[in-house]
Structures are given as structure tokens and as C-alpha cells.
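Quick look at upload_30.pdb (PDB, C-alpha atoms):
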```pdb
ATOM      1  CA  MET A 200      95.565 189.191  59.554
ATOM      2  CA  THR A 201      95.451 185.981  57.645
ATOM      3  CA  LYS A 202      92.211 184.314  56.685
ATOM      4  CA  TYR A 203      91.068 181.614  54.368
ATOM      5  CA  ALA A 204      88.174 181.782  51.979
ATOM      6  CA  LYS A 205      86.531 179.098  49.908
ATOM      7  CA  ILE A 206      86.889 179.933  46.264
ATOM      8  CA  GLU A 207      84.980 177.806  43.795
ATOM      9  CA  ARG A 208      86.879 177.296  40.594
ATOM     10  CA  THR A 209      85.467 175.770  37.455
ATOM     11  CA  LEU A 210      87.784 173.405  35.633
ATOM     12  CA  MET A 211      86.990 172.801  31.994
ATOM     13  CA  HIS A 212      87.641 169.295  30.715
ATOM     14  CA  PRO A 213      87.603 168.488  26.966
ATOM     15  CA  LYS A 214      84.922 166.129  25.718
ATOM     16  CA  TYR A 215      84.625 164.807  22.162
ATOM     17  CA  VAL A 216      81.034 165.623  21.179
ATOM     18  CA  TRP A 217      80.535 166.117  17.434
ATOM     19  CA  GLN A 218      81.731 163.219  15.309
ATOM     20  CA  LEU A 219      83.116 163.802  11.826
ATOM     21  CA  PRO A 220      79.866 162.918   9.946
ATOM     22  CA  VAL A 221      77.944 165.488  12.008
ATOM     23  CA  ARG A 222      80.510 168.181  11.289
ATOM     24  CA  PHE A 223      80.565 167.299   7.589
ATOM     25  CA  TYR A 224      76.772 167.462   7.519
ATOM     26  CA  HIS A 225      76.767 170.883   9.168
ATOM     27  CA  TRP A 226      79.241 172.565   6.830
ATOM     28  CA  ILE A 227      78.000 170.882   3.645
ATOM     29  CA  ASN A 228      74.485 171.929   4.586
ATOM     30  CA  ALA A 229      75.569 175.506   5.211
ATOM     31  CA  LEU A 230      77.340 175.694   1.839
ATOM     32  CA  VAL A 231      74.549 174.186  -0.258
ATOM     33  CA  ILE A 232      71.865 176.317   1.438
ATOM     34  CA  VAL A 233      73.807 179.453   0.500
ATOM     35  CA  ILE A 234      74.141 178.200  -3.098
ATOM     36  CA  LEU A 235      70.465 177.175  -3.275
ATOM     37  CA  THR A 236      69.336 180.523  -1.876
ATOM     38  CA  ILE A 237      71.379 182.617  -4.319
ATOM     39  CA  THR A 238      70.495 180.539  -7.377
ATOM     40  CA  GLY A 239      66.873 180.272  -6.208
ATOM     41  CA  PHE A 240      66.567 184.057  -6.111
ATOM     42  CA  ILE A 241      67.987 184.294  -9.632
ATOM     43  CA  ILE A 242      65.639 181.595 -10.932
ATOM     44  CA  GLY A 243      62.616 183.208  -9.288
ATOM     45  CA  ASP A 244      63.443 186.692 -10.570
ATOM     46  CA  PRO A 245      66.087 186.486 -13.312
ATOM     47  CA  PRO A 246      67.876 189.735 -14.206
ATOM     48  CA  ALA A 247      67.548 191.067 -17.730
ATOM     49  CA  ILE A 248      71.131 190.756 -18.913
ATOM     50  CA  GLN A 249      71.632 192.375 -22.309
ATOM     51  CA  SER A 250      74.033 190.595 -24.651
ATOM     52  CA  SER A 251      74.805 190.730 -28.352
ATOM     53  CA  LEU A 252      75.827 187.076 -28.366
ATOM     54  CA  GLU A 253      73.786 184.378 -30.018
ATOM     55  CA  ALA A 254      71.422 182.862 -27.445
ATOM     56  CA  SER A 255      73.027 179.435 -27.791
ATOM     57  CA  PHE A 256      76.360 180.974 -26.699
ATOM     58  CA  SER A 257      74.870 182.703 -23.680
ATOM     59  CA  TYR A 258      73.662 179.897 -21.495
ATOM     60  CA  TRP A 259      74.186 181.559 -18.115
ATOM     61  CA  PHE A 260      70.627 180.967 -16.880
ATOM     62  CA  GLY A 261      70.850 177.283 -17.751
ATOM     63  CA  THR A 262      74.097 177.150 -15.775
ATOM     64  CA  VAL A 263      72.360 178.758 -12.791
ATOM     65  CA  ARG A 264      69.594 176.149 -12.938
ATOM     66  CA  PHE A 265      72.141 173.352 -13.275
ATOM     67  CA  ILE A 266      74.009 174.563 -10.166
ATOM     68  CA  HIS A 267      70.703 174.788  -8.284
ATOM     69  CA  PHE A 268      69.745 171.230  -9.202
ATOM     70  CA  VAL A 269      73.170 169.791  -8.333
ATOM     71  CA  ALA A 270      73.096 171.571  -4.976
ATOM     72  CA  ALA A 271      69.582 170.197  -4.412
ATOM     73  CA  TYR A 272      70.800 166.622  -4.892
ATOM     74  CA  ILE A 273      73.706 167.222  -2.512
ATOM     75  CA  PHE A 274      71.261 168.742  -0.014
ATOM     76  CA  LEU A 275      69.022 165.667  -0.263
ATOM     77  CA  PHE A 276      71.748 163.041   0.155
ATOM     78  CA  ASN A 277      73.370 165.029   2.952
ATOM     79  CA  PHE A 278      69.988 165.116   4.684
ATOM     80  CA  ILE A 279      69.570 161.343   4.266
ATOM     81  CA  MET A 280      73.033 160.811   5.773
ATOM     82  CA  ARG A 281      72.044 162.871   8.825
ATOM     83  CA  LEU A 282      68.824 160.890   9.227
ATOM     84  CA  TYR A 283      70.892 157.722   9.283
ATOM     85  CA  TRP A 284      73.433 159.187  11.705
ATOM     86  CA  GLY A 285      70.602 159.971  14.099
ATOM     87  CA  PHE A 286      70.527 156.209  14.704
ATOM     88  CA  ALA A 287      74.186 155.286  14.138
ATOM     89  CA  GLY A 288      75.954 158.213  15.809
ATOM     90  CA  ASN A 289      77.015 158.775  19.391
ATOM     91  CA  LYS A 290      74.639 159.869  22.139
ATOM     92  CA  PHE A 291      74.887 163.535  21.140
ATOM     93  CA  ALA A 292      73.674 162.783  17.584
ATOM     94  CA  LYS A 293      70.770 160.521  18.569
ATOM     95  CA  TRP A 294      67.185 161.435  17.680
ATOM     96  CA  SER A 295      66.194 161.214  21.354
ATOM     97  CA  ASN A 296      68.009 164.529  21.902
ATOM     98  CA  PHE A 297      65.841 166.380  19.389
ATOM     99  CA  ILE A 298      62.303 165.279  20.267
ATOM    100  CA  PRO A 299      60.914 166.798  23.518
ATOM    101  CA  TYR A 300      59.197 163.675  24.799
ATOM    102  CA  SER A 301      59.908 164.337  28.486
ATOM    103  CA  LYS A 302      58.812 167.033  30.934
ATOM    104  CA  GLN A 303      62.429 167.799  31.779
ATOM    105  CA  HIS A 304      63.163 168.616  28.147
ATOM    106  CA  TRP A 305      60.420 171.273  28.164
ATOM    107  CA  ILE A 306      61.720 172.667  31.469
ATOM    108  CA  ASP A 307      65.229 172.906  30.026
ATOM    109  CA  MET A 308      63.836 174.609  26.927
ATOM    110  CA  TRP A 309      62.190 177.281  29.079
ATOM    111  CA  GLU A 310      65.460 177.864  30.934
ATOM    112  CA  VAL A 311      67.238 178.458  27.609
ATOM    113  CA  VAL A 312      64.448 180.813  26.484
ATOM    114  CA  LYS A 313      64.974 182.886  29.629
ATOM    115  CA  VAL A 314      68.691 183.076  28.876
ATOM    116  CA  ASP A 315      68.300 183.886  25.172
ATOM    117  CA  ILE A 316      65.353 186.294  25.315
ATOM    118  CA  PHE A 317      65.160 187.662  28.858
ATOM    119  CA  GLN A 318      68.957 187.720  29.261
ATOM    120  CA  VAL A 319      68.926 186.056  32.674
ATOM    121  CA  LYS A 320      72.197 184.640  33.931
ATOM    122  CA  CYS A 321      73.158 181.305  32.450
ATOM    123  CA  VAL A 322      73.800 179.052  35.424
ATOM    124  CA  HIS A 323      74.716 175.950  33.472
ATOM    125  CA  ASN A 324      73.827 173.982  30.394
ATOM    126  CA  PRO A 325      72.745 170.470  31.442
ATOM    127  CA  ASN A 326      73.250 169.245  27.873
ATOM    128  CA  LEU A 327      76.843 169.007  26.692
ATOM    129  CA  GLY A 328      75.573 168.640  23.129
ATOM    130  CA  HIS A 329      72.836 170.921  21.843
ATOM    131  CA  ASN A 330      70.855 172.718  24.503
ATOM    132  CA  ALA A 331      67.190 171.726  24.799
ATOM    133  CA  LEU A 332      65.837 174.650  22.765
ATOM    134  CA  ALA A 333      68.413 174.267  20.005
ATOM    135  CA  SER A 334      67.795 170.544  19.650
ATOM    136  CA  PHE A 335      64.035 171.054  19.317
ATOM    137  CA  THR A 336      64.599 173.860  16.811
ATOM    138  CA  TYR A 337      66.804 171.554  14.740
ATOM    139  CA  PHE A 338      64.050 168.946  14.815
ATOM    140  CA  LEU A 339      61.728 171.551  13.281
ATOM    141  CA  THR A 340      64.361 172.365  10.654
ATOM    142  CA  PHE A 341      64.486 168.688   9.680
ATOM    143  CA  ILE A 342      60.748 168.887   8.963
ATOM    144  CA  VAL A 343      61.305 172.015   6.869
ATOM    145  CA  PHE A 344      64.187 170.276   5.069
ATOM    146  CA  LEU A 345      61.805 167.476   4.127
ATOM    147  CA  LEU A 346      59.163 169.915   2.868
ATOM    148  CA  GLN A 347      61.765 171.791   0.846
ATOM    149  CA  VAL A 348      62.927 168.558  -0.770
ATOM    150  CA  LEU A 349      59.361 167.527  -1.608
ATOM    151  CA  THR A 350      58.378 170.894  -3.112
ATOM    152  CA  GLY A 351      61.696 171.362  -4.923
ATOM    153  CA  PHE A 352      61.717 167.995  -6.636
ATOM    154  CA  GLY A 353      57.962 168.293  -7.176
ATOM    155  CA  ILE A 354      58.612 171.401  -9.270
ATOM    156  CA  TYR A 355      61.552 169.731 -10.991
ATOM    157  CA  ALA A 356      59.421 166.702 -11.965
ATOM    158  CA  ALA A 357      57.545 168.744 -14.571
ATOM    159  CA  MET A 358      60.751 169.535 -16.476
ATOM    160  CA  SER A 359      62.853 166.409 -16.020
ATOM    161  CA  PRO A 360      62.331 163.004 -17.640
ATOM    162  CA  SER A 361      64.603 161.368 -15.075
ATOM    163  CA  TRP A 362      63.008 158.691 -12.916
ATOM    164  CA  PHE A 363      64.024 160.231  -9.597
ATOM    165  CA  PRO A 364      62.252 163.614  -9.945
ATOM    166  CA  GLN A 365      59.218 161.741 -11.279
ATOM    167  CA  LEU A 366      58.861 160.159  -7.855
ATOM    168  CA  PHE A 367      57.722 163.590  -6.627
ATOM    169  CA  GLU A 368      55.247 164.475  -9.386
ATOM    170  CA  TRP A 369      52.353 163.941  -6.939
ATOM    171  CA  VAL A 370      53.469 166.868  -4.760
ATOM    172  CA  PRO A 371      52.154 169.776  -6.919
ATOM    173  CA  ALA A 372      48.830 167.982  -7.359
ATOM    174  CA  LEU A 373      48.559 167.559  -3.600
ATOM    175  CA  LEU A 374      49.382 171.224  -2.912
ATOM    176  CA  GLY A 375      47.004 172.628  -5.521
ATOM    177  CA  GLY A 376      49.228 173.114  -8.539
ATOM    178  CA  ASP A 377      52.634 174.263  -9.673
ATOM    179  CA  ILE A 378      52.209 177.910  -8.613
ATOM    180  CA  ALA A 379      51.230 177.023  -5.038
ATOM    181  CA  THR A 380      54.160 174.613  -4.825
ATOM    182  CA  ARG A 381      56.589 177.280  -6.010
ATOM    183  CA  GLN A 382      55.216 179.785  -3.505
ATOM    184  CA  LEU A 383      55.630 177.338  -0.636
ATOM    185  CA  HIS A 384      59.142 176.500  -1.841
ATOM    186  CA  HIS A 385      59.970 180.224  -1.827
ATOM    187  CA  ILE A 386      58.493 180.785   1.653
ATOM    188  CA  LEU A 387      60.499 177.878   3.049
ATOM    189  CA  MET A 388      63.640 179.487   1.622
ATOM    190  CA  TRP A 389      63.009 182.517   3.846
ATOM    191  CA  PHE A 390      62.812 180.177   6.830
ATOM    192  CA  PHE A 391      66.402 179.130   6.108
ATOM    193  CA  ILE A 392      67.537 182.744   5.811
ATOM    194  CA  LEU A 393      65.946 183.787   9.110
ATOM    195  CA  PHE A 394      67.095 180.621  10.844
ATOM    196  CA  ALA A 395      70.692 181.165   9.709
ATOM    197  CA  ALA A 396      70.737 184.735  11.077
ATOM    198  CA  VAL A 397      69.379 183.699  14.487
ATOM    199  CA  HIS A 398      71.537 180.568  14.568
ATOM    200  CA  VAL A 399      74.804 182.428  13.999
ATOM    201  CA  TYR A 400      73.937 185.023  16.644
ATOM    202  CA  LEU A 401      73.001 182.435  19.294
ATOM    203  CA  VAL A 402      76.074 180.302  18.611
ATOM    204  CA  PHE A 403      78.391 183.225  19.373
ATOM    205  CA  TYR A 404      76.198 184.349  22.276
ATOM    206  CA  HIS A 405      76.274 180.949  23.971
ATOM    207  CA  ASP A 406      79.967 180.614  23.240
ATOM    208  CA  TYR A 407      80.481 183.827  25.206
ATOM    209  CA  ILE A 408      78.255 183.053  28.191
ATOM    210  CA  GLU A 409      78.978 179.320  28.522
ATOM    211  CA  LYS A 410      82.649 179.377  27.508
ATOM    212  CA  ASN A 411      82.585 175.721  26.524
ATOM    213  CA  GLY A 412      83.734 175.953  22.917
ATOM    214  CA  VAL A 413      80.371 175.976  21.135
ATOM    215  CA  THR A 414      81.745 177.685  18.021
ATOM    216  CA  SER A 415      84.989 175.759  17.633
ATOM    217  CA  SER A 416      83.322 172.426  18.428
ATOM    218  CA  MET A 417      81.732 172.261  14.993
ATOM    219  CA  ILE A 418      85.237 172.427  13.517
ATOM    220  CA  GLY A 419      87.224 170.151  15.788
ATOM    221  CA  GLY A 420      84.429 168.244  17.518
ATOM    222  CA  TRP A 421      85.532 169.038  21.083
ATOM    223  CA  LYS A 422      83.565 170.915  23.732
ATOM    224  CA  PHE A 423      84.459 171.574  27.355
ATOM    225  CA  GLN A 424      82.618 170.181  30.328
ATOM    226  CA  GLU A 425      82.491 171.909  33.694
ATOM    227  CA  LYS A 426      83.797 170.172  36.797
ATOM    228  CA  ASP A 427      83.706 172.262  39.914
ATOM    229  CA  LYS A 428      86.526 172.084  42.374
ATOM    230  CA  VAL A 429      86.492 173.812  45.777
ATOM    231  CA  GLU A 430      89.881 174.616  47.150
ATOM    232  CA  ARG A 431      91.183 176.820  49.882
ATOM    233  CA  GLU A 432      93.344 179.715  48.882
ATOM    234  CA  ARG A 433      95.152 182.215  50.989
ATOM    235  CA  ASP A 434      93.514 185.653  50.777
TER     236      ASP A 434
END
```
Mind turning the file's structure into C-alpha cells?
Amino acid sequence: MTKYAKIERTLMHPKYVWQLPVRFYHWINALVIVILTITGFIIGDPPAIQSSLEASFSYWFGTVRFIHFVAAYIFLFNFIMRLYWGFAGNKFAKWSNFIPYSKQHWIDMWEVVKVDIFQVKCVHNPNLGHNALASFTYFLTFIVFLLQVLTGFGIYAAMSPSWFPQLFEWVPALLGGDIATRQLHHILMWFFILFAAVHVYLVFYHDYIEKNGVTSSMIGGWKFQEKDKVERERD
């Protein structure tokens, strides 16, 4: 007996989502955060390395601090570039994607929470770019980025005669002193560590359940958009 059944197939069409500046920002940010975290740990709790060399010939700690400061400047200018690209980039990079100003954005965020935490079935992602929860989370990270820049250069102002760090000398006074500023700077570092762990997990998780190229898109820029097609096939 021959019969026909409607079988719904999902065709995936490529869509260029992440422009080159966004991808550069992402990977530069990832690299400098790793460098800042490692060197920050060493600066906060330096190991007692025994050496018979003259102190002037063993400048490893100064090198660590130098790397930390260079990475901090790269972090800052990379952050400024992303702020600018939030206005100059395509619709997926715009600031309107990150700020939950509409009721629908909050509804979409709750749907993503149910998928990520309660493991309900992912029906679809209405946002080809970042999903609603991810975009809001990134908005919060931008705020933390700003705080980290303020506290970091605020600490640096006390030991640098350069004009740029001196622009932040008011930060320790505002936060109650150098020690409080350092503690906040250290706490914010742990935010980056925890965020990175959750971020990596969710990227691979959504890549698996959505199958739209979430992981590879931050390398090549392309994601895949669903277009449903109903066709009749012989059973």
C-alpha cells in the first residue's frame, strides 16, 4: 500500500552575521583577559623565586607587571572599538540588541533560561545574532569591563607619572582607598573567570541544540538561518 506523508524539512541557509571587527574584538578580548588574569594572580601573590643573581639582573616581576599593563591598554582600546562598533556595525552588532527595553526581549530571555537551565526543548531562536539572554549578559559584561578599566588604571595612577593613568587618580579616593580598589579589581577578575567557563559551555551547548553554527560563526562570521519547507515524500 502506498501512502504519502507530509515531512517537514528544515533547510539551513547561510547568513553573514559577525563582521570582522566583532570577531577581532572577541578573540583579542579573550587573549588579553587570559594574560591579565595570569599576570594579575602573580602580581597579587608573587611567588618567592630564589636566585643567586644580582637583583638588577633578575627583573622577572617587572616584566610581569609590564605585560599586565600592556595587556590592559590593549583591553581598553579594544573595548573602545567595540563601543564604537555598537553604533557603526550591522544590525547584529547594534546596542539595541543588548539592552532589554522591550517586553518581547524579556519574554525571549525567559525562553532561553528554560532551555539553558530547565533543559526544555529548544523550538527556535528568534534572534539570528545573540539570543536574548546572551545579549543582555554581554551588556552586563560591558559594565564590568568599564569598572575593571576604572579600578585598574586607578591603581596604576599611583605608580605612573604618565598623563593617561593620572586621569583615573580619582577612582581610589571615590572607592575608599587603594586597598578597597585593589579588592574590587580582584573580585571583578573572578567575574571574568566564571563568565568564561559558563560562556564556553553555553556556546557548545547551543551549537549542538540549534545547529546553526554558533561556534564557527565567531571564526568565519557565518551562521545558518532556518527556512522550513514542507514537501511530500513517498513513504
Which polymer residues have any atom within 12 Å of an atom of A:Ser415, counting all atoms listed in the file, with same-chain residues fewer than 4 positions away left out, as a PyMOL selection string?
chain A and resi 215-217+222+402-403+405-407+410-411+419-423
Listed atoms of stretch 304-308 of chain A boxed along x, y and z, 3 Å each side, centre and edge lengths in Å, one decimal, as JSON:
```
{"center_x": 62.8, "center_y": 171.6, "center_z": 29.2, "size_x": 10.8, "size_y": 12.0, "size_z": 10.5}
```
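Take atom CA of A:Tyr224 and atom CA of A:Phe338: the distance between them is 14.7 Å.
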Determine the residue membership of the PyMOL selection byres ((chain A and resi 354) around 8) for the file above and supply it as a compact mmCIF listing (two decimals) with C-alpha atoms, keeping the file's coordinate frame.
```txt
# COMPACT_ATOMS: atom_id res chain seq x y z
CA THR A 350 58.38 170.89 -3.11
CA GLY A 351 61.70 171.36 -4.92
CA PHE A 352 61.72 168.00 -6.64
CA GLY A 353 57.96 168.29 -7.18
CA TYR A 355 61.55 169.73 -10.99
CA ALA A 356 59.42 166.70 -11.96
CA ALA A 357 57.54 168.74 -14.57
CA MET A 358 60.75 169.54 -16.48
CA GLU A 368 55.25 164.48 -9.39
CA PRO A 371 52.15 169.78 -6.92
CA ASP A 377 52.63 174.26 -9.67
CA THR A 380 54.16 174.61 -4.82
CA ARG A 381 56.59 177.28 -6.01
```
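For the structure in this document, the set picked by the PyMOL selection byres ((chain A and resi 299-315) around 9) is Ser295, Asn296, Phe297, Ile298, Ile316, Phe317, Gln318, Val319, Lys320, Cys321, Asn324, Pro325, Asn330, Ala331, Leu332, Ala333, Ser334, Phe335, Leu401, Tyr404 and His405 of chain A.
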Include C-alpha atoms and write out the residues we just selected as a PDB file, in the frame of the given file.
```pdb
ATOM      1  CA  SER A 295      66.194 161.214  21.354  1.00  0.00           C
ATOM      2  CA  ASN A 296      68.009 164.529  21.902  1.00  0.00           C
ATOM      3  CA  PHE A 297      65.841 166.380  19.389  1.00  0.00           C
ATOM      4  CA  ILE A 298      62.303 165.279  20.267  1.00  0.00           C
ATOM      5  CA  ILE A 316      65.353 186.294  25.315  1.00  0.00           C
ATOM      6  CA  PHE A 317      65.160 187.662  28.858  1.00  0.00           C
ATOM      7  CA  GLN A 318      68.957 187.720  29.261  1.00  0.00           C
ATOM      8  CA  VAL A 319      68.926 186.056  32.674  1.00  0.00           C
ATOM      9  CA  LYS A 320      72.197 184.640  33.931  1.00  0.00           C
ATOM     10  CA  CYS A 321      73.158 181.305  32.450  1.00  0.00           C
ATOM     11  CA  ASN A 324      73.827 173.982  30.394  1.00  0.00           C
ATOM     12  CA  PRO A 325      72.745 170.470  31.442  1.00  0.00           C
ATOM     13  CA  ASN A 330      70.855 172.718  24.503  1.00  0.00           C
ATOM     14  CA  ALA A 331      67.190 171.726  24.799  1.00  0.00           C
ATOM     15  CA  LEU A 332      65.837 174.650  22.765  1.00  0.00           C
ATOM     16  CA  ALA A 333      68.413 174.267  20.005  1.00  0.00           C
ATOM     17  CA  SER A 334      67.795 170.544  19.650  1.00  0.00           C
ATOM     18  CA  PHE A 335      64.035 171.054  19.317  1.00  0.00           C
ATOM     19  CA  LEU A 401      73.001 182.435  19.294  1.00  0.00           C
ATOM     20  CA  TYR A 404      76.198 184.349  22.276  1.00  0.00           C
ATOM     21  CA  HIS A 405      76.274 180.949  23.971  1.00  0.00           C
TER      22      HIS A 405
END
```
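Interatomic distance, atom CA of A:Gly412 to atom CA of A:Trp284: 22.6 Å.
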What would the selection look like, as number ranges by chain, if the PyMOL selection byres ((chain A and resi 271) around 12) were run on the coordinates I just shared?
A: 227-228, 230-236, 238-239, 264-270, 272-278, 344-345, 347-352, 355, 364
Please compute the atom CA of A:His385-atom CA of A:Gly243 distance, one decimal, in Å.
8.5 Å
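Here the question is which of A:Leu366, A:Pro213, A:Met280, A:Phe240 gets nearest to A:His225 using only C-alpha atoms, and that residue is A:Met280.
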Tell me which of A:Val343, A:Tyr258, A:Phe291, A:Ala395 sits closest to A:Lys214, counting all atoms listed in the file.
A:Phe291
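Minimum distance to A:Phe390 across A:Ile418, A:Ile378, A:Ile342, A:Ile408 (counting all atoms listed in the file) occurs at A:Ile342.
In this comparison, which uses all atoms listed in the file, the residue of A:Ile279, A:Phe341, A:Met417, A:Phe260 approaching A:Ala247 most closely is A:Phe260.
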Between A:Val221, A:Asp244, A:Thr336, A:Leu327, which has the minimum distance to A:Ala287 (counting all atoms listed in the file)?
A:Val221
